[in-house]
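Chemist: You'll find structure-v9.cif just under this line, and it carries mmCIF, C-alpha atoms and all ligand atoms.
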data_work
#
loop_
_atom_site.group_PDB
_atom_site.id
_atom_site.type_symbol
_atom_site.label_atom_id
_atom_site.label_comp_id
_atom_site.auth_asym_id
_atom_site.auth_seq_id
_atom_site.Cartn_x
_atom_site.Cartn_y
_atom_site.Cartn_z
ATOM 1 C CA MET Y 1 79.263 14.543 -26.729
ATOM 2 C CA SER Y 2 80.221 11.335 -24.984
ATOM 3 C CA THR Y 3 81.889 8.680 -27.078
ATOM 4 C CA GLY Y 4 80.539 6.197 -24.544
ATOM 5 C CA GLY Y 5 82.165 3.271 -22.852
ATOM 6 C CA GLU Y 6 81.099 -0.346 -22.565
ATOM 7 C CA GLY Y 7 77.421 -0.194 -21.647
ATOM 8 C CA GLY Y 8 77.503 3.495 -20.803
ATOM 9 C CA LEU Y 9 75.580 5.737 -23.162
ATOM 10 C CA LYS Y 10 74.519 9.328 -22.667
ATOM 11 C CA VAL Y 11 71.769 10.160 -25.083
ATOM 12 C CA PRO Y 12 72.534 13.531 -26.689
ATOM 13 C CA PRO Y 13 69.594 15.982 -26.554
ATOM 14 C CA GLU Y 14 69.232 16.106 -30.349
ATOM 15 C CA LEU Y 15 68.733 12.325 -30.385
ATOM 16 C CA ARG Y 16 65.945 12.722 -27.826
ATOM 17 C CA ARG Y 17 64.319 15.291 -30.100
ATOM 18 C CA ILE Y 18 64.660 12.916 -33.059
ATOM 19 C CA ALA Y 19 63.128 10.093 -31.019
ATOM 20 C CA TRP Y 20 60.091 12.194 -30.113
ATOM 21 C CA LEU Y 21 59.722 13.492 -33.671
ATOM 22 C CA TRP Y 22 60.019 9.926 -34.935
ATOM 23 C CA LEU Y 23 57.320 8.719 -32.549
ATOM 24 C CA VAL Y 24 54.870 11.493 -33.498
ATOM 25 C CA LEU Y 25 55.514 11.178 -37.258
ATOM 26 C CA SER Y 26 55.240 7.368 -37.156
ATOM 27 C CA VAL Y 27 51.952 7.434 -35.221
ATOM 28 C CA VAL Y 28 50.502 9.942 -37.697
ATOM 29 C CA ALA Y 29 51.984 8.632 -40.972
ATOM 30 C CA THR Y 30 51.534 4.869 -40.573
ATOM 31 C CA PRO Y 31 47.690 4.867 -40.435
ATOM 32 C CA LEU Y 32 47.566 7.446 -43.254
ATOM 33 C CA VAL Y 33 49.755 5.245 -45.465
ATOM 34 C CA VAL Y 34 47.663 2.156 -44.633
ATOM 35 C CA ILE Y 35 44.394 3.958 -45.428
ATOM 36 C CA PHE Y 36 45.404 5.896 -48.532
ATOM 37 C CA VAL Y 37 48.359 4.012 -50.070
ATOM 38 C CA GLY Y 38 47.248 0.458 -49.141
ATOM 39 C CA PRO Y 39 44.388 0.307 -51.683
ATOM 40 C CA LEU Y 40 46.765 1.467 -54.446
ATOM 41 C CA LEU Y 41 49.322 -1.302 -53.855
ATOM 42 C CA PRO Y 42 49.710 -4.123 -56.385
ATOM 43 C CA PRO Y 43 48.214 -6.464 -57.420
ATOM 44 C CA GLY Y 44 44.969 -4.534 -56.835
ATOM 45 C CA SER Y 45 41.739 -6.143 -55.712
ATOM 46 C CA ALA Y 46 40.252 -7.710 -58.850
ATOM 47 C CA SER Y 47 40.145 -11.174 -57.236
ATOM 48 C CA ASP Y 48 40.091 -12.757 -53.780
ATOM 49 C CA ALA Y 49 43.759 -13.762 -54.144
ATOM 50 C CA ALA Y 50 44.719 -10.240 -55.289
ATOM 51 C CA HIS Y 51 42.948 -8.733 -52.299
ATOM 52 C CA GLY Y 52 44.836 -11.056 -49.922
ATOM 53 C CA GLN Y 53 48.187 -10.186 -51.494
ATOM 54 C CA GLN Y 54 47.383 -6.490 -51.317
ATOM 55 C CA GLN Y 55 46.689 -6.860 -47.586
ATOM 56 C CA ASP Y 56 50.050 -8.589 -47.107
ATOM 57 C CA ASN Y 57 51.807 -5.802 -49.008
ATOM 58 C CA THR Y 58 50.010 -3.232 -46.843
ATOM 59 C CA VAL Y 59 51.237 -4.928 -43.655
ATOM 60 C CA MET Y 60 54.814 -4.844 -44.918
ATOM 61 C CA VAL Y 61 54.556 -1.202 -45.980
ATOM 62 C CA ALA Y 62 53.135 -0.342 -42.538
ATOM 63 C CA ILE Y 63 56.188 -1.945 -40.907
ATOM 64 C CA VAL Y 64 58.551 -0.119 -43.249
ATOM 65 C CA VAL Y 65 57.048 3.368 -42.710
ATOM 66 C CA PRO Y 66 58.449 3.938 -39.168
ATOM 67 C CA ILE Y 67 61.803 2.477 -40.243
ATOM 68 C CA MET Y 68 61.968 4.853 -43.217
ATOM 69 C CA ILE Y 69 60.979 7.831 -41.047
ATOM 70 C CA GLY Y 70 63.701 6.928 -38.540
ATOM 71 C CA LEU Y 71 66.343 6.635 -41.245
ATOM 72 C CA LEU Y 72 65.368 9.917 -42.915
ATOM 73 C CA LEU Y 73 65.271 11.810 -39.616
ATOM 74 C CA TYR Y 74 68.680 10.519 -38.603
ATOM 75 C CA PHE Y 75 70.056 11.262 -42.081
ATOM 76 C CA ILE Y 76 68.806 14.860 -41.945
ATOM 77 C CA ASN Y 77 70.118 15.199 -38.381
ATOM 78 C CA ALA Y 78 73.541 13.877 -39.418
ATOM 79 C CA LEU Y 79 73.735 16.342 -42.318
ATOM 80 C CA ILE Y 80 73.079 19.234 -39.918
ATOM 81 C CA MET Y 81 74.899 18.124 -36.740
ATOM 82 C CA PHE Y 82 78.014 16.595 -38.238
ATOM 83 C CA ARG Y 83 78.597 19.205 -40.896
ATOM 84 C CA GLY Y 84 82.263 20.186 -41.235
ATOM 85 C CA LYS Y 85 83.122 23.791 -40.399
ATOM 86 C CA ASP Y 86 85.768 24.148 -43.085
ATOM 87 C CA GLU Y 87 87.476 22.128 -45.791
ATOM 88 C CA ALA Y 88 90.108 20.622 -43.478
ATOM 89 C CA ASP Y 89 87.376 19.530 -41.095
ATOM 90 C CA ALA Y 90 85.472 17.922 -43.949
ATOM 91 C CA LEU Y 91 88.508 15.855 -44.958
ATOM 92 C CA THR Y 92 89.173 14.430 -41.468
ATOM 93 C CA ASP Y 93 87.385 11.434 -40.028
ATOM 94 C CA GLY Y 94 85.665 11.819 -36.662
ATOM 95 C CA PRO Y 95 86.730 9.626 -33.699
ATOM 96 C CA ALA Y 96 85.748 5.971 -34.040
ATOM 97 C CA ILE Y 97 82.925 5.009 -31.680
ATOM 98 C CA ARG Y 98 83.108 1.478 -30.337
ATOM 99 C CA GLY Y 99 81.409 -0.656 -27.725
ATOM 100 C CA GLN Y 100 77.907 0.797 -27.516
ATOM 101 C CA THR Y 101 76.401 -2.302 -25.900
ATOM 102 C CA ARG Y 102 72.957 -0.819 -25.380
ATOM 103 C CA VAL Y 103 72.718 0.400 -28.964
ATOM 104 C CA MET Y 104 73.887 -2.972 -30.248
ATOM 105 C CA VAL Y 105 71.425 -4.896 -28.068
ATOM 106 C CA LEU Y 106 68.583 -2.569 -29.047
ATOM 107 C CA TRP Y 107 69.480 -2.840 -32.730
ATOM 108 C CA ILE Y 108 69.746 -6.647 -32.705
ATOM 109 C CA ALA Y 109 66.574 -7.055 -30.612
ATOM 110 C CA THR Y 110 64.524 -4.728 -32.856
ATOM 111 C CA THR Y 111 65.583 -6.308 -36.135
ATOM 112 C CA PHE Y 112 65.176 -9.781 -34.579
ATOM 113 C CA VAL Y 113 61.588 -9.021 -33.548
ATOM 114 C CA ILE Y 114 60.719 -7.510 -36.956
ATOM 115 C CA VAL Y 115 62.113 -10.503 -38.836
ATOM 116 C CA LEU Y 116 60.364 -12.971 -36.501
ATOM 117 C CA LEU Y 117 57.049 -11.124 -36.865
ATOM 118 C CA LEU Y 118 57.383 -11.190 -40.655
ATOM 119 C CA ALA Y 119 58.251 -14.904 -40.581
ATOM 120 C CA ALA Y 120 55.211 -15.649 -38.383
ATOM 121 C CA TRP Y 121 52.939 -13.565 -40.602
ATOM 122 C CA GLY Y 122 54.308 -15.240 -43.751
ATOM 123 C CA ALA Y 123 53.861 -18.724 -42.286
ATOM 124 C CA TYR Y 124 50.291 -17.888 -41.249
ATOM 125 C CA GLU Y 125 49.464 -16.561 -44.713
ATOM 126 C CA LEU Y 126 51.024 -19.566 -46.445
ATOM 127 C CA PHE Y 127 48.969 -21.951 -44.322
ATOM 128 C CA PRO Y 128 46.169 -23.180 -46.578
ATOM 129 C CA GLY Y 129 43.120 -21.103 -45.856
ATOM 130 C CA GLU Y 130 39.609 -20.902 -47.216
ATOM 131 C CA GLU Y 131 40.626 -18.365 -49.817
ATOM 132 C CA GLY Y 132 42.491 -20.952 -51.881
ATOM 133 C CA ALA Y 133 45.740 -20.421 -53.702
ATOM 134 C CA GLY Y 134 46.666 -17.834 -56.279
ATOM 135 C CA GLY Y 135 49.886 -19.686 -57.016
ATOM 136 C CA GLY Y 136 50.198 -23.077 -58.617
ATOM 137 C CA LEU Y 137 49.938 -26.020 -56.244
ATOM 138 C CA GLY Y 138 52.085 -28.316 -58.358
ATOM 139 C CA SER Y 139 51.344 -31.930 -59.113
ATOM 140 C CA ALA Y 140 52.241 -33.221 -55.625
ATOM 141 C CA PRO Y 141 51.654 -30.387 -53.128
ATOM 142 C CA ILE Y 142 52.586 -30.804 -49.447
ATOM 143 C CA SER Y 143 49.202 -29.378 -48.526
ATOM 144 C CA VAL Y 144 46.274 -28.462 -50.739
ATOM 145 C CA ALA Y 145 44.631 -25.068 -50.274
ATOM 146 C CA LEU Y 146 41.115 -25.851 -51.431
ATOM 147 C CA PRO Y 147 38.586 -23.058 -51.289
ATOM 148 C CA ALA Y 148 35.258 -23.929 -49.628
ATOM 149 C CA ASN Y 149 33.487 -23.955 -52.992
ATOM 150 C CA ALA Y 150 36.218 -25.891 -54.839
ATOM 151 C CA SER Y 151 33.770 -28.536 -56.052
ATOM 152 C CA SER Y 152 31.623 -25.952 -57.846
ATOM 153 C CA ALA Y 153 34.641 -24.178 -59.371
ATOM 154 C CA LEU Y 154 34.660 -23.574 -63.127
ATOM 155 C CA PRO Y 155 37.503 -25.682 -64.573
ATOM 156 C CA VAL Y 156 39.670 -23.843 -67.096
ATOM 157 C CA GLN Y 157 42.715 -25.400 -68.677
ATOM 158 C CA VAL Y 158 45.566 -23.063 -69.541
ATOM 159 C CA ILE Y 159 47.904 -24.312 -72.273
ATOM 160 C CA GLY Y 160 51.205 -22.557 -72.894
ATOM 161 C CA GLN Y 161 53.210 -22.998 -76.075
ATOM 162 C CA GLN Y 162 55.806 -20.948 -77.924
ATOM 163 C CA TRP Y 163 54.526 -18.234 -77.977
ATOM 164 C CA THR Y 164 50.873 -18.082 -77.162
ATOM 165 C CA TRP Y 165 48.261 -19.070 -74.606
ATOM 166 C CA THR Y 166 45.116 -21.071 -75.314
ATOM 167 C CA TYR Y 167 42.326 -22.028 -72.934
ATOM 168 C CA ARG Y 168 40.106 -25.096 -72.805
ATOM 169 C CA TYR Y 169 36.794 -25.273 -70.999
ATOM 170 C CA PRO Y 170 36.169 -28.988 -70.288
ATOM 171 C CA THR Y 171 32.617 -28.379 -69.023
ATOM 172 C CA PHE Y 172 31.747 -26.707 -72.348
ATOM 173 C CA GLY Y 173 32.679 -29.524 -74.714
ATOM 174 C CA GLY Y 174 36.427 -28.954 -74.286
ATOM 175 C CA VAL Y 175 36.280 -25.928 -76.582
ATOM 176 C CA GLU Y 176 39.682 -24.251 -77.028
ATOM 177 C CA THR Y 177 39.819 -20.453 -77.179
ATOM 178 C CA THR Y 178 42.506 -17.834 -77.726
ATOM 179 C CA GLU Y 179 41.093 -15.410 -75.160
ATOM 180 C CA LEU Y 180 40.532 -16.026 -71.452
ATOM 181 C CA VAL Y 181 37.016 -15.043 -70.431
ATOM 182 C CA LEU Y 182 35.721 -15.650 -66.900
ATOM 183 C CA PRO Y 183 32.390 -14.974 -65.192
ATOM 184 C CA VAL Y 184 32.623 -12.529 -62.280
ATOM 185 C CA GLY Y 185 32.027 -13.906 -58.773
ATOM 186 C CA GLN Y 186 32.663 -17.500 -59.875
ATOM 187 C CA GLU Y 187 35.402 -19.619 -58.295
ATOM 188 C CA VAL Y 188 37.746 -20.781 -61.074
ATOM 189 C CA ARG Y 189 40.040 -23.787 -61.044
ATOM 190 C CA PHE Y 190 42.954 -23.222 -63.416
ATOM 191 C CA SER Y 191 44.822 -26.275 -64.577
ATOM 192 C CA VAL Y 192 48.016 -25.005 -66.150
ATOM 193 C CA THR Y 193 50.167 -27.011 -68.542
ATOM 194 C CA SER Y 194 52.476 -26.600 -71.524
ATOM 195 C CA ILE Y 195 53.004 -28.517 -74.733
ATOM 196 C CA ASP Y 196 56.604 -27.511 -75.365
ATOM 197 C CA VAL Y 197 58.964 -25.676 -72.977
ATOM 198 C CA ILE Y 198 58.376 -24.280 -69.484
ATOM 199 C CA HIS Y 199 56.203 -21.158 -69.420
ATOM 200 C CA SER Y 200 54.560 -19.329 -66.540
ATOM 201 C CA PHE Y 201 50.927 -18.294 -66.595
ATOM 202 C CA TRP Y 202 50.729 -14.852 -64.986
ATOM 203 C CA ALA Y 203 47.312 -13.245 -64.744
ATOM 204 C CA VAL Y 204 48.678 -10.169 -62.993
ATOM 205 C CA HIS Y 205 45.354 -8.573 -62.010
ATOM 206 C CA LEU Y 206 43.956 -11.835 -60.644
ATOM 207 C CA ALA Y 207 47.182 -12.389 -58.670
ATOM 208 C CA VAL Y 208 47.592 -15.832 -60.201
ATOM 209 C CA LYS Y 209 51.008 -17.087 -61.247
ATOM 210 C CA ALA Y 210 51.533 -20.736 -62.016
ATOM 211 C CA ASP Y 211 54.291 -22.530 -63.896
ATOM 212 C CA ALA Y 212 53.232 -24.153 -67.155
ATOM 213 C CA VAL Y 213 55.308 -27.320 -67.376
ATOM 214 C CA PRO Y 214 54.927 -29.971 -70.089
ATOM 215 C CA GLY Y 215 53.494 -33.219 -68.724
ATOM 216 C CA ASN Y 216 52.329 -31.461 -65.549
ATOM 217 C CA ALA Y 217 48.961 -30.003 -64.518
ATOM 218 C CA ASN Y 218 49.516 -27.137 -62.102
ATOM 219 C CA VAL Y 219 46.374 -26.149 -60.218
ATOM 220 C CA ALA Y 220 45.451 -22.661 -58.982
ATOM 221 C CA PHE Y 221 42.139 -21.428 -57.616
ATOM 222 C CA VAL Y 222 40.916 -17.862 -57.865
ATOM 223 C CA LYS Y 223 37.672 -15.918 -57.735
ATOM 224 C CA PRO Y 224 37.500 -12.758 -59.887
ATOM 225 C CA VAL Y 225 35.399 -10.170 -58.085
ATOM 226 C CA ARG Y 226 35.353 -7.308 -60.596
ATOM 227 C CA GLU Y 227 34.409 -7.055 -64.257
ATOM 228 C CA GLU Y 228 37.458 -5.758 -66.134
ATOM 229 C CA SER Y 229 39.870 -6.465 -68.965
ATOM 230 C CA SER Y 230 43.550 -7.074 -68.415
ATOM 231 C CA THR Y 231 46.529 -8.861 -69.899
ATOM 232 C CA VAL Y 232 47.908 -12.315 -69.205
ATOM 233 C CA ARG Y 233 51.654 -12.638 -69.601
ATOM 234 C CA CYS Y 234 54.245 -15.364 -69.726
ATOM 235 C CA ALA Y 235 56.583 -14.951 -66.747
ATOM 236 C CA GLU Y 236 59.213 -17.520 -67.695
ATOM 237 C CA LEU Y 237 61.828 -16.758 -70.334
ATOM 238 C CA CYS Y 238 60.701 -19.264 -72.968
ATOM 239 C CA GLY Y 239 62.451 -18.319 -76.169
ATOM 240 C CA LEU Y 240 62.664 -15.689 -78.873
ATOM 241 C CA TRP Y 241 59.165 -14.180 -78.631
ATOM 242 C CA HIS Y 242 58.671 -14.640 -74.889
ATOM 243 C CA GLY Y 243 58.099 -10.894 -74.517
ATOM 244 C CA HIS Y 244 55.164 -11.128 -76.930
ATOM 245 C CA MET Y 245 53.517 -14.082 -75.223
ATOM 246 C CA THR Y 246 50.472 -12.236 -73.964
ATOM 247 C CA SER Y 247 46.775 -12.787 -74.174
ATOM 248 C CA ARG Y 248 43.641 -10.941 -73.204
ATOM 249 C CA LEU Y 249 41.682 -11.670 -70.049
ATOM 250 C CA ARG Y 250 38.122 -10.452 -69.682
ATOM 251 C CA VAL Y 251 36.060 -10.845 -66.530
ATOM 252 C CA VAL Y 252 32.416 -10.430 -67.530
ATOM 253 C CA SER Y 253 28.936 -10.943 -66.121
ATOM 254 C CA PRO Y 254 27.699 -14.574 -65.951
ATOM 255 C CA ALA Y 255 25.188 -13.871 -68.745
ATOM 256 C CA ALA Y 256 27.877 -12.368 -70.993
ATOM 257 C CA PHE Y 257 30.096 -15.383 -70.262
ATOM 258 C CA ARG Y 258 27.332 -17.846 -71.283
ATOM 259 C CA ALA Y 259 26.767 -15.924 -74.520
ATOM 260 C CA TRP Y 260 30.508 -15.794 -75.241
ATOM 261 C CA ILE Y 261 31.170 -19.500 -74.595
ATOM 262 C CA ALA Y 262 28.156 -20.483 -76.753
ATOM 263 C CA HIS Y 263 29.532 -18.328 -79.562
ATOM 264 C CA GLU Y 264 33.029 -19.807 -79.180
ATOM 265 C CA ARG Y 265 31.674 -23.361 -79.346
ATOM 266 C CA GLU Y 266 29.877 -22.553 -82.561
ATOM 267 C CA LYS Y 267 32.884 -20.733 -84.030
ATOM 268 C CA TRP Y 268 35.379 -23.522 -83.359
ATOM 269 C CA ALA Y 269 32.994 -26.426 -84.077
ATOM 270 C CA PRO Y 270 34.331 -27.080 -87.625
ATOM 271 C CA ILE Y 271 37.846 -27.789 -86.331
ATOM 272 C CA GLN Y 272 36.961 -29.179 -82.893
ATOM 273 C CA HIS Y 273 37.455 -32.786 -84.060
ATOM 274 C CA TYR Y 274 41.104 -32.058 -84.941
ATOM 275 C CA LEU Y 275 41.797 -31.318 -81.302
ATOM 276 C CA PRO Y 276 42.956 -34.097 -78.994
ATOM 277 C CA ALA Y 277 40.358 -35.089 -76.402
ATOM 278 C CA TYR Y 278 40.551 -33.003 -73.226
ATOM 279 C CA LYS Y 279 43.234 -34.326 -70.883
ATOM 280 C CA PRO Y 280 45.049 -32.769 -67.906
ATOM 281 C CA THR Y 281 48.288 -32.789 -69.930
ATOM 282 C CA TYR Y 282 49.244 -33.431 -73.545
ATOM 283 C CA ALA Y 283 52.137 -34.817 -75.545
ATOM 284 C CA PRO Y 284 55.046 -34.544 -75.765
ATOM 285 C CA GLU Y 285 55.449 -36.813 -72.777
ATOM 286 C CA PRO Y 286 58.968 -37.922 -71.978
ATOM 287 C CA THR Y 287 59.461 -41.573 -72.862
ATOM 288 C CA TYR Y 288 61.835 -43.796 -70.958
ATOM 289 C CA ARG Y 289 63.355 -46.914 -72.392
ATOM 290 C CA ALA Y 290 64.442 -49.539 -69.920
ATOM 291 C CA GLU Y 291 67.746 -51.213 -70.753
HETATM 292 CU CU CU D 301 56.277 -18.477 -72.423
#
Show how you would write the structure in this file as structure tokens.
Ligand SMILES: [Cu+2]

Modeler:
Amino acid sequence: MSTGGEGGLKVPPELRRIAWLWLVLSVVATPLVVIFVGPLLPPGSASDAAHGQQQDNTVMVAIVVPIMIGLLLYFINALIMFRGKDEADALTDGPAIRGQTRVMVLWIATTFVIVLLLAAWGAYELFPGEEGAGGGLGSAPISVALPANASSALPVQVIGQQWTWTYRYPTFGGVETTELVLPVGQEVRFSVTSIDVIHSFWAVHLAVKADAVPGNANVAFVKPVREESSTVRCAELCGLWHGHMTSRLRVVSPAAFRAWIAHEREKWAPIQHYLPAYKPTYAPEPTYRAE
């Protein structure tokens, strides 16, 4: 086997075999993984945002499959080809191989192209599209990803506090509930805030994650596309019972939603007047005293 000089590289026959095997396996395995594993990838497809994220994850897995196959093939090849004959052989290092210009150029070019492709794909996906944003936009976003039907979106306020979530529906008398219920197929505009420390509203199955910051209304759009129950979690370490800061999310039919919200309004009516009027954010607001 040639140790190679500057620029000169004889490809050993077993490497040719690996290259062919790699090509065949990659061509066969990559579409299979995309078709059969793609739909199983998180965060599922319970909302438009979740579906988009699942597609992104599928693209990345598709890129990784040929890389993984290459690594495994070379690993198996190395175990067989470079196996020591006896104990003394196993304890001695092989000759150092230096100056493989073609290998280095190929390696740098390949990784460069992969990273650039991923950067281009990421930039394209971050560019505000019609599908809106599953993440919080913040109070002063550089660009606003408004879905086409943003004006008809159902506004839902998410309020974090140690250690629970509550939800207010301003178009239904500002009623405050302890469970998040959404009608299927309806664009929703979450406005996320906190009344104590920083929390993070994470509706895993909807692929929505938005920081809940006191004095700040963080906006996220999403459209649930499947009726199902799941759990909302806090994703920001917020104190002693952070791990227990969960709440139930139900995506139901529009009729079931109307019945539920009517029932909630009736149930909470006796204490509704103790609530502050609906606002994008609530006290405590930081107060500044000028000298
Ligand atoms: Cu929290």

Chemist: At most 7 Å is the cut-off: for each residue in chain Y with any atom that close to an atom of ligand CU 301 (chain D), write down the nearest atom pair and the distance in Å rounded to one decimal, counting all atoms listed in the file, chain first then increasing number, as CSV.

Modeler:
residue,atom,partner,partner_atom,distance
Y:Gly160,CA,D:CU301,CU,6.5
Y:Gln161,CA,D:CU301,CU,6.6
Y:Gln162,CA,D:CU301,CU,6.0
Y:Trp163,CA,D:CU301,CU,5.8
Y:Ile198,CA,D:CU301,CU,6.8
Y:His199,CA,D:CU301,CU,4.0
Y:Ser200,CA,D:CU301,CU,6.2
Y:Cys234,CA,D:CU301,CU,4.6
Y:Ala235,CA,D:CU301,CU,6.7
Y:Glu236,CA,D:CU301,CU,5.6
Y:Leu237,CA,D:CU301,CU,6.2
Y:Cys238,CA,D:CU301,CU,4.5
Y:His242,CA,D:CU301,CU,5.2
Y:Met245,CA,D:CU301,CU,5.9

Chemist: When the PyMOL selection byres (((chain Y and resi 206) around 8) and not hetatm) is applied to the structure above, which residues does it catch, written out as a count of residues only?

Modeler: 15

Chemist: Determine, counting only C-alpha atoms, which protein, DNA and RNA residues have an atom within 9 Å of an atom of Ile63 of chain Y; residues of the same chain fewer than 5 positions away are not included. Present the result as number ranges by chain.

Modeler: Y: 30, 58, 114

Chemist: Could you list the residues chosen by the PyMOL selection byres (((chain Y and resi 247) around 12) and not hetatm) in this structure as an NGL selection string?

Modeler: :Y and (158-160 or 163-167 or 177-181 or 201-204 or 229-234 or 243-246 or 248-250)

Chemist: Got a sec to resolve the PyMOL selection byres (((chain Y and resi 280) around 12) and not hetatm) on this structure and send the residues as a PyMOL selection string?

Modeler: chain Y and resi 139+155-159+168-170+174+190-195+212-219+276-279+281-283

Chemist: In terms of the shortest atom-to-atom distance over only C-alpha atoms, which of Y:Ile35, Y:Val64, Y:Val105, Y:Leu73 is closest to Ala19 of chain Y?

Modeler: Y:Leu73

Chemist: Name the residues in contact with Trp268 of chain Y at a cut-off of 12 Å, using all atoms listed in the file, excluding same-chain residues fewer than 2 positions from it; report them as a list in words.

Modeler: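 Near Trp268 of chain Y, the qualifying residues are Arg168, Gly173, Gly174, Val175, Glu176, Thr177, Thr178, Ile261, Ala262, His263, Glu264, Arg265, Glu266, Pro270, Ile271, Gln272, His273, Tyr274 and Leu275 of chain Y.
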